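Quick look at work21.txt (compact mmCIF, C-alpha atoms and all ligand atoms):
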```
# COMPACT_ATOMS: atom_id res chain seq x y z
CA MET A 214 107.39 134.41 110.89
CA THR A 215 107.03 131.93 113.74
CA PHE A 216 110.00 130.35 115.50
CA CYS A 217 109.31 126.99 113.72
CA GLU A 218 109.17 128.64 110.29
CA LEU A 219 112.46 130.33 111.07
CA CYS A 220 114.02 126.95 111.94
CA LYS A 221 112.74 125.42 108.65
CA LEU A 222 114.21 128.34 106.75
CA HIS A 223 117.53 127.84 108.49
CA GLN A 224 117.47 124.11 107.70
CA ALA A 225 116.92 124.91 104.02
CA GLN A 226 119.81 127.37 104.17
CA TRP A 227 121.92 124.68 105.80
CA LYS A 228 121.19 122.28 102.90
CA THR A 229 122.06 124.86 100.26
CA GLY A 230 125.20 125.70 102.19
CA TYR A 231 126.37 122.08 102.03
CA ARG A 232 128.13 122.42 98.67
CA LEU A 233 129.88 125.51 99.89
CA ARG A 234 131.12 123.68 102.96
CA SER A 235 132.41 120.81 100.81
CA TYR A 236 134.26 123.37 98.75
CA VAL A 237 135.73 124.88 101.88
CA ASN A 238 136.83 121.46 103.11
CA GLN A 239 138.49 120.80 99.76
CA ARG A 240 140.27 124.12 100.09
CA ARG A 241 141.48 123.03 103.54
CA ASP A 242 142.86 119.87 101.98
CA THR A 243 144.83 121.99 99.55
CA LYS A 244 146.56 123.61 102.55
CA LYS A 245 144.80 126.95 102.10
CA ALA A 246 142.98 126.40 105.34
CA GLY A 247 143.53 129.89 106.69
CA HIS A 248 141.86 131.50 103.67
CA ALA A 249 139.11 128.89 103.63
CA VAL A 250 138.16 129.61 107.25
CA VAL A 251 138.08 133.35 106.69
CA PHE A 252 135.89 132.78 103.64
CA MET A 253 133.58 130.39 105.51
CA LEU A 254 133.03 132.62 108.49
CA GLN A 255 132.20 135.62 106.33
CA THR A 256 129.66 133.90 104.13
CA PRO A 257 126.00 134.28 105.08
CA SER A 258 125.32 130.57 104.48
CA LYS A 259 125.06 128.53 107.65
CA ALA A 260 128.14 126.78 108.95
CA LYS A 261 128.45 123.98 111.49
CA ILE A 262 129.37 124.85 115.06
CA THR A 263 130.52 122.18 117.52
CA VAL A 264 130.02 122.98 121.18
CA ILE A 265 132.03 120.83 123.59
CA GLY A 266 130.23 120.60 126.94
CA GLY A 267 126.55 120.19 127.67
CA GLY A 268 126.45 122.10 130.97
CA SER A 269 124.81 125.50 131.49
CA PHE A 270 127.12 127.54 129.31
CA GLY A 271 127.47 125.03 126.48
CA THR A 272 123.68 124.90 126.34
CA ALA A 273 123.44 128.71 126.32
CA MET A 274 126.04 129.03 123.54
CA SER A 275 124.15 126.42 121.52
CA LYS A 276 121.05 128.51 121.79
CA VAL A 277 122.80 131.73 120.68
CA PHE A 278 124.30 130.04 117.59
CA GLY A 279 121.09 128.06 116.98
CA MET A 280 119.01 131.24 117.00
CA LYS A 281 121.27 132.52 114.23
CA GLY A 282 120.44 129.39 112.21
CA TYR A 283 123.79 127.63 112.44
CA GLN A 284 123.85 123.84 112.59
CA VAL A 285 124.93 123.33 116.19
CA CYS A 286 126.21 119.98 117.38
CA LEU A 287 126.72 119.62 121.13
CA LEU A 288 129.33 117.08 122.13
CA VAL A 289 128.35 115.66 125.55
CA ARG A 290 129.17 112.50 127.46
CA ASP A 291 125.77 111.95 129.13
CA PRO A 292 123.38 109.88 126.90
CA ASN A 293 120.36 111.39 128.69
CA ILE A 294 121.41 114.85 127.56
CA VAL A 295 121.89 113.55 124.01
CA SER A 296 118.38 112.08 123.85
CA GLY A 297 116.82 115.03 125.71
CA ILE A 298 118.21 117.50 123.19
CA ASN A 299 117.56 115.37 120.10
CA ASN A 300 114.05 114.26 121.09
CA ASP A 301 112.65 117.01 123.33
CA ARG A 302 114.80 119.99 122.26
CA ARG A 303 115.77 120.51 125.90
CA ASN A 304 118.81 119.77 128.02
CA PRO A 305 117.24 117.60 130.77
CA LYS A 306 119.97 118.41 133.32
CA TYR A 307 120.83 122.07 132.81
CA LEU A 308 118.39 124.93 132.19
CA ARG A 309 115.70 122.42 131.22
CA GLU A 310 112.96 125.02 131.35
CA PHE A 311 114.22 126.51 128.07
CA ALA A 312 113.67 124.97 124.62
CA LEU A 313 116.50 124.89 122.09
CA PRO A 314 116.15 125.70 118.37
CA GLU A 315 115.61 122.68 116.08
CA CYS A 316 119.00 123.14 114.44
CA VAL A 317 120.69 122.21 117.76
CA THR A 318 121.51 118.50 118.02
CA ALA A 319 123.68 116.48 120.42
CA THR A 320 125.96 113.47 120.24
CA SER A 321 128.53 111.60 122.33
CA ASN A 322 130.46 110.65 119.21
CA THR A 323 133.51 112.91 119.00
CA GLU A 324 134.25 112.14 115.35
CA LEU A 325 130.69 112.87 114.27
CA ALA A 326 130.51 116.05 116.33
CA LEU A 327 133.68 117.48 114.83
CA GLU A 328 133.30 116.19 111.27
CA ARG A 329 133.35 119.13 108.81
CA THR A 330 132.91 121.61 111.63
CA ASP A 331 133.65 125.29 111.03
CA LEU A 332 134.03 126.48 114.61
CA VAL A 333 134.63 124.69 117.91
CA VAL A 334 133.27 126.24 121.10
CA HIS A 335 134.78 124.90 124.31
CA ALA A 336 132.52 125.12 127.40
CA LEU A 337 133.86 122.75 130.05
CA PRO A 338 135.20 123.37 133.56
CA VAL A 339 138.88 124.31 133.41
CA GLN A 340 140.03 121.39 135.56
CA VAL A 341 138.79 118.78 133.04
CA SER A 342 139.62 120.78 129.91
CA ARG A 343 143.16 119.51 129.27
CA GLU A 344 142.08 115.86 129.33
CA VAL A 345 139.07 116.40 127.07
CA LEU A 346 140.88 118.71 124.62
CA ALA A 347 143.75 116.26 124.23
CA LYS A 348 141.21 113.55 123.30
CA VAL A 349 139.20 115.62 120.83
CA SER A 350 142.10 117.52 119.28
CA PRO A 351 142.92 114.97 116.54
CA PHE A 352 139.32 115.24 115.28
CA ILE A 353 139.29 119.04 114.90
CA PRO A 354 139.80 119.84 111.22
CA SER A 355 142.93 121.76 110.41
CA GLY A 356 142.60 125.54 110.50
CA VAL A 357 139.26 125.58 112.36
CA PRO A 358 139.12 128.21 115.14
CA VAL A 359 138.56 127.15 118.75
CA LEU A 360 136.63 129.56 120.97
CA SER A 361 137.09 128.96 124.70
CA THR A 362 134.45 130.14 127.18
CA SER A 363 135.97 128.58 130.31
CA LYS A 364 137.23 130.82 133.11
CA GLY A 365 139.90 129.73 135.55
CA LEU A 366 143.39 128.53 136.34
CA GLU A 367 144.34 124.83 136.20
CA VAL A 368 145.36 123.62 139.68
CA ALA A 369 147.84 120.97 138.53
CA SER A 370 149.83 123.24 136.18
CA HIS A 371 148.86 126.82 137.24
CA LYS A 372 147.93 127.51 133.61
CA PHE A 373 145.18 129.55 132.00
CA MET A 374 142.92 128.23 129.24
CA PHE A 375 144.99 129.93 126.55
CA GLU A 376 148.00 127.92 127.69
CA ILE A 377 146.03 124.68 128.01
CA LEU A 378 144.68 125.20 124.49
CA GLN A 379 148.12 126.03 123.10
CA GLU A 380 149.43 122.82 124.64
CA THR A 381 146.59 120.55 123.52
CA ILE A 382 145.11 121.98 120.33
CA SER A 383 147.98 123.57 118.47
CA THR A 384 150.72 121.05 119.05
CA ASP A 385 149.91 118.69 116.19
CA GLY A 386 151.29 120.93 113.47
CA ASN A 387 147.81 122.13 112.38
CA ARG A 388 147.68 125.65 113.75
CA ARG A 389 144.14 126.58 114.69
CA PRO A 390 143.23 130.13 115.70
CA LEU A 391 142.43 130.33 119.42
CA ALA A 392 139.83 132.80 120.68
CA PHE A 393 138.36 133.53 124.10
CA LEU A 394 134.86 134.68 125.01
CA SER A 395 134.26 136.37 128.34
CA GLY A 396 132.22 139.09 130.02
CA PRO A 397 129.09 139.37 132.17
CA SER A 398 126.96 136.54 130.79
CA PHE A 399 124.90 134.31 133.05
CA ALA A 400 123.80 131.26 131.04
CA LYS A 401 120.24 131.51 132.35
CA GLU A 402 119.79 135.12 131.20
CA ILE A 403 121.16 134.18 127.76
CA MET A 404 118.56 131.39 127.58
CA GLN A 405 115.92 133.96 128.53
CA GLU A 406 117.12 136.05 125.56
CA LEU A 407 117.84 139.00 127.84
CA PRO A 408 120.35 141.55 126.44
CA THR A 409 123.94 140.45 127.01
CA ALA A 410 127.29 142.01 126.05
CA VAL A 411 130.53 140.00 125.87
CA VAL A 412 134.01 140.36 124.43
CA ILE A 413 135.91 137.95 122.17
CA ALA A 414 139.70 138.06 122.34
CA CYS A 415 142.02 136.71 119.68
CA GLU A 416 145.59 137.47 118.74
CA LYS A 417 144.25 138.18 115.24
CA LEU A 418 141.57 140.84 115.48
CA GLU A 419 140.12 139.71 112.15
CA THR A 420 139.31 136.25 113.56
CA ALA A 421 137.72 137.78 116.67
CA LYS A 422 135.58 139.99 114.41
CA GLN A 423 134.49 137.05 112.26
CA ILE A 424 133.38 135.03 115.27
CA ALA A 425 131.74 138.15 116.74
CA ASN A 426 129.72 138.54 113.53
CA MET A 427 128.60 134.93 113.72
CA LEU A 428 127.36 135.36 117.31
CA SER A 429 125.94 138.88 117.24
CA SER A 430 122.20 139.29 117.45
CA PRO A 431 119.76 141.89 118.78
CA THR A 432 120.11 140.32 122.24
CA PHE A 433 123.77 139.29 122.09
CA LYS A 434 126.30 142.08 121.59
CA VAL A 435 129.91 141.10 120.99
CA PHE A 436 132.94 143.36 121.32
CA THR A 437 136.43 142.32 120.22
CA THR A 438 140.01 142.73 121.40
CA THR A 439 143.45 141.27 120.78
CA ASP A 440 144.23 141.31 124.53
CA TYR A 441 143.54 137.65 125.30
CA ILE A 442 145.84 137.78 128.33
CA GLY A 443 143.79 140.52 130.00
CA VAL A 444 140.55 138.68 129.18
CA GLU A 445 141.86 135.36 130.48
CA VAL A 446 143.33 136.74 133.72
CA ALA A 447 140.15 138.69 134.51
CA GLY A 448 137.86 135.73 133.72
CA ALA A 449 139.77 133.52 136.12
CA LEU A 450 140.41 135.92 138.99
CA LYS A 451 136.98 137.56 139.18
CA ASN A 452 135.62 134.24 140.46
CA ILE A 453 137.83 134.49 143.57
CA ILE A 454 136.64 138.05 144.19
CA ALA A 455 133.03 136.82 143.83
CA ILE A 456 133.58 134.20 146.53
CA ALA A 457 134.96 136.95 148.82
CA ALA A 458 132.04 139.28 148.05
CA GLY A 459 129.51 136.51 148.68
CA MET A 460 131.22 135.73 151.96
CA ALA A 461 131.01 139.36 153.10
CA GLU A 462 127.32 139.37 152.25
CA GLY A 463 126.70 136.08 154.06
CA MET A 464 128.42 137.51 157.13
CA GLY A 465 126.13 140.55 156.98
CA LEU A 466 129.00 143.04 156.71
CA GLY A 467 126.99 145.62 154.78
CA MET A 468 127.33 147.33 151.41
CA ASN A 469 130.30 149.55 152.39
CA ALA A 470 132.36 146.44 153.03
CA ILE A 471 131.24 144.65 149.87
CA ALA A 472 131.83 147.66 147.59
CA GLY A 473 135.27 148.22 149.13
CA LEU A 474 136.16 144.55 148.77
CA VAL A 475 135.08 144.37 145.13
CA THR A 476 136.90 147.59 144.20
CA ARG A 477 140.15 146.48 145.82
CA GLY A 478 139.68 143.03 144.29
CA CYS A 479 139.48 144.68 140.85
CA SER A 480 142.70 146.57 141.62
CA GLU A 481 144.48 143.30 142.50
CA MET A 482 143.13 141.63 139.35
CA ARG A 483 144.29 144.55 137.17
CA ARG A 484 147.78 144.52 138.69
CA VAL A 485 148.16 140.77 138.03
CA ALA A 486 146.94 141.20 134.43
CA GLU A 487 149.29 144.13 133.79
CA TYR A 488 152.19 142.16 135.24
CA LEU A 489 151.51 139.45 132.64
CA GLY A 490 151.14 141.96 129.79
CA GLY A 491 147.36 142.49 129.85
CA SER A 492 145.93 145.95 129.23
CA PRO A 493 144.22 148.05 131.96
CA VAL A 494 141.62 148.94 129.31
CA THR A 495 140.58 145.27 129.14
CA LEU A 496 140.47 145.08 132.93
CA SER A 497 138.09 148.02 133.11
CA GLY A 498 135.95 146.45 130.36
CA LEU A 499 133.38 143.69 130.06
CA SER A 500 135.66 140.79 130.95
CA GLY A 501 137.17 142.75 133.87
CA VAL A 502 135.00 144.93 136.07
CA GLY A 503 131.93 144.00 133.99
CA ASP A 504 132.07 140.32 134.83
CA THR A 505 133.33 141.03 138.36
CA PHE A 506 130.28 143.19 139.10
CA LEU A 507 127.92 140.57 137.68
CA THR A 508 129.49 137.73 139.61
CA CYS A 509 129.90 139.66 142.88
CA PHE A 510 126.41 141.17 142.94
CA GLY A 511 124.33 138.84 140.75
CA PRO A 512 122.27 136.29 142.68
CA LEU A 513 122.72 133.69 139.88
CA SER A 514 126.49 133.45 140.45
CA ARG A 515 127.66 130.04 141.66
CA ASN A 516 130.92 131.55 142.99
CA ARG A 517 129.12 134.25 144.94
CA THR A 518 126.73 131.60 146.31
CA VAL A 519 129.63 129.44 147.54
CA GLY A 520 131.02 132.52 149.35
CA TYR A 521 127.61 133.47 150.75
CA ARG A 522 127.08 130.02 152.24
CA LEU A 523 130.59 130.02 153.72
CA GLY A 524 129.82 133.42 155.24
CA LYS A 525 126.68 131.91 156.76
CA GLY A 526 128.83 129.28 158.48
CA GLU A 527 128.56 126.24 156.15
CA ARG A 528 131.63 124.16 155.35
CA LEU A 529 132.95 123.95 151.78
CA ASP A 530 132.47 120.17 151.46
CA GLU A 531 128.81 120.52 152.51
CA ILE A 532 128.31 123.30 149.97
CA LEU A 533 129.91 121.40 147.08
CA LYS A 534 127.91 118.26 147.89
CA THR A 535 124.65 120.11 147.32
CA SER A 536 125.61 121.88 144.10
CA GLN A 537 125.63 120.20 140.66
CA GLU A 538 127.29 123.10 138.83
CA VAL A 539 130.90 124.19 138.81
CA ALA A 540 132.15 127.18 140.86
CA GLU A 541 135.50 127.74 139.14
CA GLY A 542 136.76 130.13 141.85
CA VAL A 543 137.20 127.28 144.35
CA ALA A 544 139.93 125.57 142.29
CA THR A 545 141.33 128.86 140.96
CA ALA A 546 141.76 130.28 144.49
CA LYS A 547 143.79 127.20 145.41
CA ALA A 548 145.94 127.53 142.29
CA VAL A 549 146.51 131.26 142.83
CA VAL A 550 148.03 130.90 146.33
CA GLU A 551 150.81 128.80 144.83
CA TRP A 552 151.08 130.49 141.42
CA LEU A 553 151.00 134.21 142.31
CA PRO A 554 153.91 134.23 144.82
CA SER A 555 155.91 132.07 142.41
CA ILE A 556 155.54 134.42 139.41
CA LEU A 557 156.36 137.39 141.68
CA ASN A 558 159.39 135.47 142.93
CA THR A 559 158.39 136.01 146.55
CA THR A 560 156.80 134.25 149.52
CA TYR A 561 153.09 133.88 150.22
CA THR A 562 153.39 136.22 153.24
CA ARG A 563 155.05 138.98 151.23
CA ALA A 564 152.65 138.59 148.29
CA LEU A 565 149.72 138.78 150.74
CA VAL A 566 150.49 142.45 151.42
CA ARG A 567 149.96 143.34 147.72
CA PHE A 568 147.19 140.83 146.96
CA PRO A 569 145.31 140.28 150.23
CA ILE A 570 141.94 139.41 148.65
CA LEU A 571 143.15 137.02 145.95
CA LEU A 572 145.37 135.23 148.48
CA SER A 573 142.98 135.06 151.47
CA VAL A 574 140.14 133.10 149.90
CA ALA A 575 141.92 129.72 149.59
CA PRO A 576 142.84 129.45 153.32
CA ILE A 577 139.19 130.14 154.17
CA LEU A 578 137.97 127.52 151.67
CA GLU A 579 140.41 125.03 153.17
CA GLY A 580 139.21 125.80 156.72
CA LYS A 581 142.60 127.20 157.80
CA LEU A 582 140.98 130.58 158.48
CA THR A 583 137.38 131.40 159.37
CA PRO A 584 135.63 134.03 157.23
CA GLU A 585 135.76 136.35 160.28
CA GLU A 586 139.51 135.86 160.68
CA GLY A 587 139.96 136.47 156.95
CA MET A 588 138.09 139.75 157.20
CA GLN A 589 140.04 140.83 160.31
CA GLN A 590 143.26 140.06 158.44
CA LEU A 591 142.16 142.27 155.54
CA MET A 592 141.21 145.16 157.82
CA ALA A 593 144.50 144.88 159.74
CA MET A 594 146.63 145.34 156.60
CA PRO A 595 148.88 148.43 156.89
CA PRO A 596 147.62 151.57 155.12
CA THR A 597 148.97 151.89 151.57
CA VAL A 598 148.70 154.30 148.67
CA GLU A 599 145.64 153.46 146.58
CA ASP A 600 146.72 151.82 143.32
N1 LIG B 701 127.20 129.19 133.52
C1 LIG B 701 127.54 130.44 133.22
O1 LIG B 701 126.75 131.38 133.41
C2 LIG B 701 128.88 130.72 132.63
C3 LIG B 701 129.92 129.78 132.65
N2 LIG B 701 131.11 130.09 132.10
C4 LIG B 701 132.22 129.17 132.16
O2 LIG B 701 131.97 128.04 131.32
C5 LIG B 701 132.63 126.89 131.86
C6 LIG B 701 131.63 125.76 131.97
O3 LIG B 701 130.68 126.18 132.93
P1 LIG B 701 129.19 125.65 133.00
O4 LIG B 701 128.71 125.17 131.68
O5 LIG B 701 128.42 126.70 133.67
O6 LIG B 701 129.40 124.40 133.98
P2 LIG B 701 128.32 123.31 134.41
O7 LIG B 701 128.70 122.87 135.76
O8 LIG B 701 126.95 123.82 134.17
O9 LIG B 701 128.57 122.13 133.36
C7 LIG B 701 129.78 121.49 133.24
C8 LIG B 701 129.65 120.39 132.19
O10 LIG B 701 130.92 119.76 132.05
C9 LIG B 701 130.70 118.37 131.99
N3 LIG B 701 131.91 117.68 132.40
C10 LIG B 701 132.51 117.71 133.61
N4 LIG B 701 133.60 116.93 133.59
C11 LIG B 701 133.69 116.40 132.35
C12 LIG B 701 134.60 115.51 131.71
N5 LIG B 701 135.65 115.00 132.36
N6 LIG B 701 134.37 115.18 130.42
C13 LIG B 701 133.33 115.68 129.75
N7 LIG B 701 132.43 116.53 130.31
C14 LIG B 701 132.61 116.87 131.59
C15 LIG B 701 129.54 118.13 132.94
O11 LIG B 701 128.94 116.88 132.68
C16 LIG B 701 128.65 119.31 132.57
O12 LIG B 701 127.86 118.98 131.46
C17 LIG B 701 133.23 127.31 133.21
O13 LIG B 701 134.58 127.59 133.07
C18 LIG B 701 132.46 128.59 133.55
O14 LIG B 701 133.21 129.47 134.35
C19 LIG B 701 131.31 131.26 131.46
C20 LIG B 701 130.31 132.20 131.39
C21 LIG B 701 129.05 132.02 132.03
O1 LIG B 702 131.06 133.84 134.70
C1 LIG B 702 129.88 133.90 134.87
C2 LIG B 702 129.03 134.92 134.27
O2 LIG B 702 129.73 135.74 133.41
C3 LIG B 702 129.21 132.90 135.73
O3 LIG B 702 129.63 133.08 137.03
P1 LIG B 702 129.42 131.89 138.09
O4 LIG B 702 130.27 130.75 137.58
O5 LIG B 702 129.87 132.44 139.38
O6 LIG B 702 127.96 131.54 138.07
```
Write the structure described by the file as structure tokens, please.
Amino acid sequence: MTFCELCKLHQAQWKTGYRLRSYVNQRRDTKKAGHAVVFMLQTPSKAKITVIGGGSFGTAMSKVFGMKGYQVCLLVRDPNIVSGINNDRRNPKYLREFALPECVTATSNTELALERTDLVVHALPVQVSREVLAKVSPFIPSGVPVLSTSKGLEVASHKFMFEILQETISTDGNRRPLAFLSGPSFAKEIMQELPTAVVIACEKLETAKQIANMLSSPTFKVFTTTDYIGVEVAGALKNIIAIAAGMAEGMGLGMNAIAGLVTRGCSEMRRVAEYLGGSPVTLSGLSGVGDTFLTCFGPLSRNRTVGYRLGKGERLDEILKTSQEVAEGVATAKAVVEWLPSILNTTYTRALVRFPILLSVAPILEGKLTPEEGMQQLMAMPPTVED
């Protein structure tokens, strides 16, 4: 069967699934939304997925769901992306070299994008997420799960995505299950259909499993966990470690230094996650060391690239001017220098002894320390027991 034939088959399945979706929506109206969602996600007929964000990762998620035959609607603000996807089956701005399945469409109309949707996938930079989620929230049908793929800490509030979602999506009295996807998953490699393994976290394991089933394919393997705190902390903090690793590489410090830095960075990340109630098992898994390795050593990483260019002597403003994609670690590093000492109820200087990597990146990004001074500071830390 060719790819086009497969798309036609999926479109036919979508049409036959329409009555079922209407039934599910009626069930939602009768306040049995929780059961209706469970039923919908388990059925083999094809549901509607709304992806918020037409950047690299939103495009990649659209492809994964589209390849499974779901009706994917991308909600984007740029009209060129809407027409590019609807007319040419390509996102003209991000990963344009890859075609999208025919069942992927795009719109800038929030109401249309979220009408009768069965799952919302959020793929926007963390710093704009609160504003966008607050706007779209009234249009998300009651009981529909929201799967976040964003990784970082909000600068203004020092909050993770799970907190931003709790504050924007679940406050209107219509509880919607919140789930979080993370792990080593470069958007470009997903578009290339290269094998990828991720983890989905949700307080209710059953919901995580249902979404995992919807996404799983021979090239996309999905694990599940209930430890959304561990997944969220790792997803945010690994980006800071990646900037540090890139910097060490740009400075030509050698593999001993980079491996040491990444390992100790993972230790700091695990200790923060455990402090907040995350599990060390999660931190040694896909969303923890898995994603940290990818981002620290993978040439496609935007965070590692920012660090590499800093290590080569460029200034942050010059680097950001020449990059159209988000490097979440830049904002997250800034948030962490204020947030981490405050949750530990201590000063920056005292916290620095326990978390020297997580807390040294922001002063370098801000130009208060040079990368060389940052590295000297790390090496001058007093010897401690390895933890
Ligand atoms: N690209 C990747 O390989 C992966 C990215 N992620 C995460 O996914 C999230 C999104 O990243 P990418 O898609 O890669 O970013 P990107 O930089 O490729 O795209 C960001 C998108 O957000 C849109 N946007 C920015 N501000 C907006 C606003 N105020 N309103 C509406 N849209 C707005 C931009 O127009 C763009 O389409 C990040 O948190 C990232 O860490 C997670 C896994 C992999
Ligand atoms: O999180 C990612 C892959 O899992 C992407 O990392 P970068 O944002 O550094 O490219």
Need the shell around A:Leu507: protein/DNA/RNA residues with any atom at most 12 Å away, counting all atoms listed in the file. Skip same-chain ones fewer than 2 positions apart. Format as a PyMOL selection string?
chain A and resi 396-399+402+409-410+448+451-452+454-455+458-459+475+499-505+509-517
Could you list, as a ChimeraX atom specification, every residue within 10 Å of A:Gln537, counting all atoms listed in the file and ignoring same-chain residues fewer than 6 positions away?
/A:268,306-307
Within 6 Å of ligand LIG 701 (chain B), which residues show up when you count only C-alpha atoms and all ligand atoms? List them as a PyMOL selection string, please.
chain A and resi 266-271+290+336-339+341+345+362-364+398-400+538-539+541
Residue contacts of A:Ser361 (6 Å, all atoms listed in the file) excluding same-chain residues fewer than 5 positions away, as a PyMOL selection string
chain A and resi 334-335+393
Which of these residues is nearest to ligand LIG 702 (chain B), using only C-alpha atoms and all ligand atoms: A:Ser395, A:Ser480, A:Thr320, A:Thr535?
A:Ser395
In Å, with one decimal, what is the gap from atom CA of A:Leu327 to atom CA of A:Gly356?
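Result for atom CA of A:Leu327 versus atom CA of A:Gly356: 12.8 Å, one decimal.
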For A:Met482, work out the shell of residues within 8 Å, counting all atoms listed in the file and skipping chain neighbours fewer than 6 positions away, then give it as a ChimeraX atom specification.
/A:446-447,450-451,496
Between atom CA of A:Ile456 and atom CA of A:Leu591, measure the distance and give it in Å to one decimal.
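Between atom CA of A:Ile456 and atom CA of A:Leu591 the gap works out to 14.8 Å.
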d(atom CA of A:Asp331, atom O5 of ligand LIG 702 (chain B)) in Å:
29.5 Å
With all atoms listed in the file as the counted atoms, please give the residues lying no more than 10 Å from A:Ile556, apart from itself and same-chain residues fewer than 5 positions off, as a CSV table (one decimal) with C-alpha atoms, keeping the file's coordinate frame.
```csv
chain,number,residue,atom,x,y,z
A,485,VAL,CA,148.2,140.8,138.0
A,488,TYR,CA,152.2,142.2,135.2
A,489,LEU,CA,151.5,139.4,132.6
A,551,GLU,CA,150.8,128.8,144.8
```
Restricting the calculation to only C-alpha atoms, which member of A:Pro408, A:Ser355, A:Pro314, A:Arg522 is positioned closest to A:Glu328?
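Distance minimum relative to A:Glu328 lands on A:Ser355.
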Step by step, gather every atom of stretch 507-513 of chain A that the file lists, find the box along x, y and z that holds them, add 4 Å on each side, and finally give centre and edge lengths in Å to one decimal, as lines of an AutoDock Vina configuration file.
```
center_x = 126.1
center_y = 137.4
center_z = 140.3
size_x = 15.6
size_y = 15.5
size_z = 13.3
```
Written record: stretch 296-313 of chain A, N, CA and C atoms, as a compact mmCIF listing (two decimals), in the first residue's frame:
```txt
# COMPACT_ATOMS: atom_id res chain seq x y z
N SER A 296 -1.31 28.10 5.18
CA SER A 296 -1.48 27.77 3.75
C SER A 296 -0.42 26.76 3.30
N GLY A 297 0.78 26.85 3.82
CA GLY A 297 1.82 25.87 3.45
C GLY A 297 1.39 24.44 3.78
N ILE A 298 0.83 24.26 4.98
CA ILE A 298 0.42 22.92 5.38
C ILE A 298 -0.83 22.47 4.60
N ASN A 299 -1.80 23.37 4.46
CA ASN A 299 -3.04 22.96 3.79
C ASN A 299 -2.87 22.77 2.28
N ASN A 300 -1.97 23.57 1.67
CA ASN A 300 -1.83 23.48 0.21
C ASN A 300 -0.66 22.61 -0.25
N ASP A 301 0.45 22.70 0.48
CA ASP A 301 1.66 21.97 0.02
C ASP A 301 2.02 20.80 0.93
N ARG A 302 1.27 20.60 2.00
CA ARG A 302 1.56 19.52 2.96
C ARG A 302 2.94 19.66 3.58
N ARG A 303 3.39 20.91 3.72
CA ARG A 303 4.69 21.17 4.36
C ARG A 303 4.58 22.40 5.23
N ASN A 304 5.33 22.41 6.33
CA ASN A 304 5.45 23.62 7.13
C ASN A 304 6.56 24.46 6.47
N PRO A 305 6.22 25.64 5.90
CA PRO A 305 7.23 26.39 5.14
C PRO A 305 8.35 26.97 6.00
N LYS A 306 8.14 27.04 7.33
CA LYS A 306 9.13 27.70 8.19
C LYS A 306 9.98 26.71 8.99
N TYR A 307 9.39 25.59 9.36
CA TYR A 307 10.12 24.63 10.20
C TYR A 307 10.13 23.26 9.53
N LEU A 308 11.29 22.69 9.38
CA LEU A 308 11.45 21.34 8.84
C LEU A 308 10.73 21.19 7.51
N ARG A 309 10.89 22.18 6.65
CA ARG A 309 10.14 22.24 5.39
C ARG A 309 10.51 21.13 4.42
N GLU A 310 11.65 20.50 4.64
CA GLU A 310 12.08 19.45 3.72
C GLU A 310 11.25 18.17 3.86
N PHE A 311 10.39 18.12 4.90
CA PHE A 311 9.62 16.90 5.13
C PHE A 311 8.13 17.13 4.87
N ALA A 312 7.53 16.20 4.09
CA ALA A 312 6.09 16.30 3.80
C ALA A 312 5.29 15.76 4.99
N LEU A 313 4.09 16.28 5.15
CA LEU A 313 3.20 15.82 6.21
C LEU A 313 2.09 14.96 5.60
```
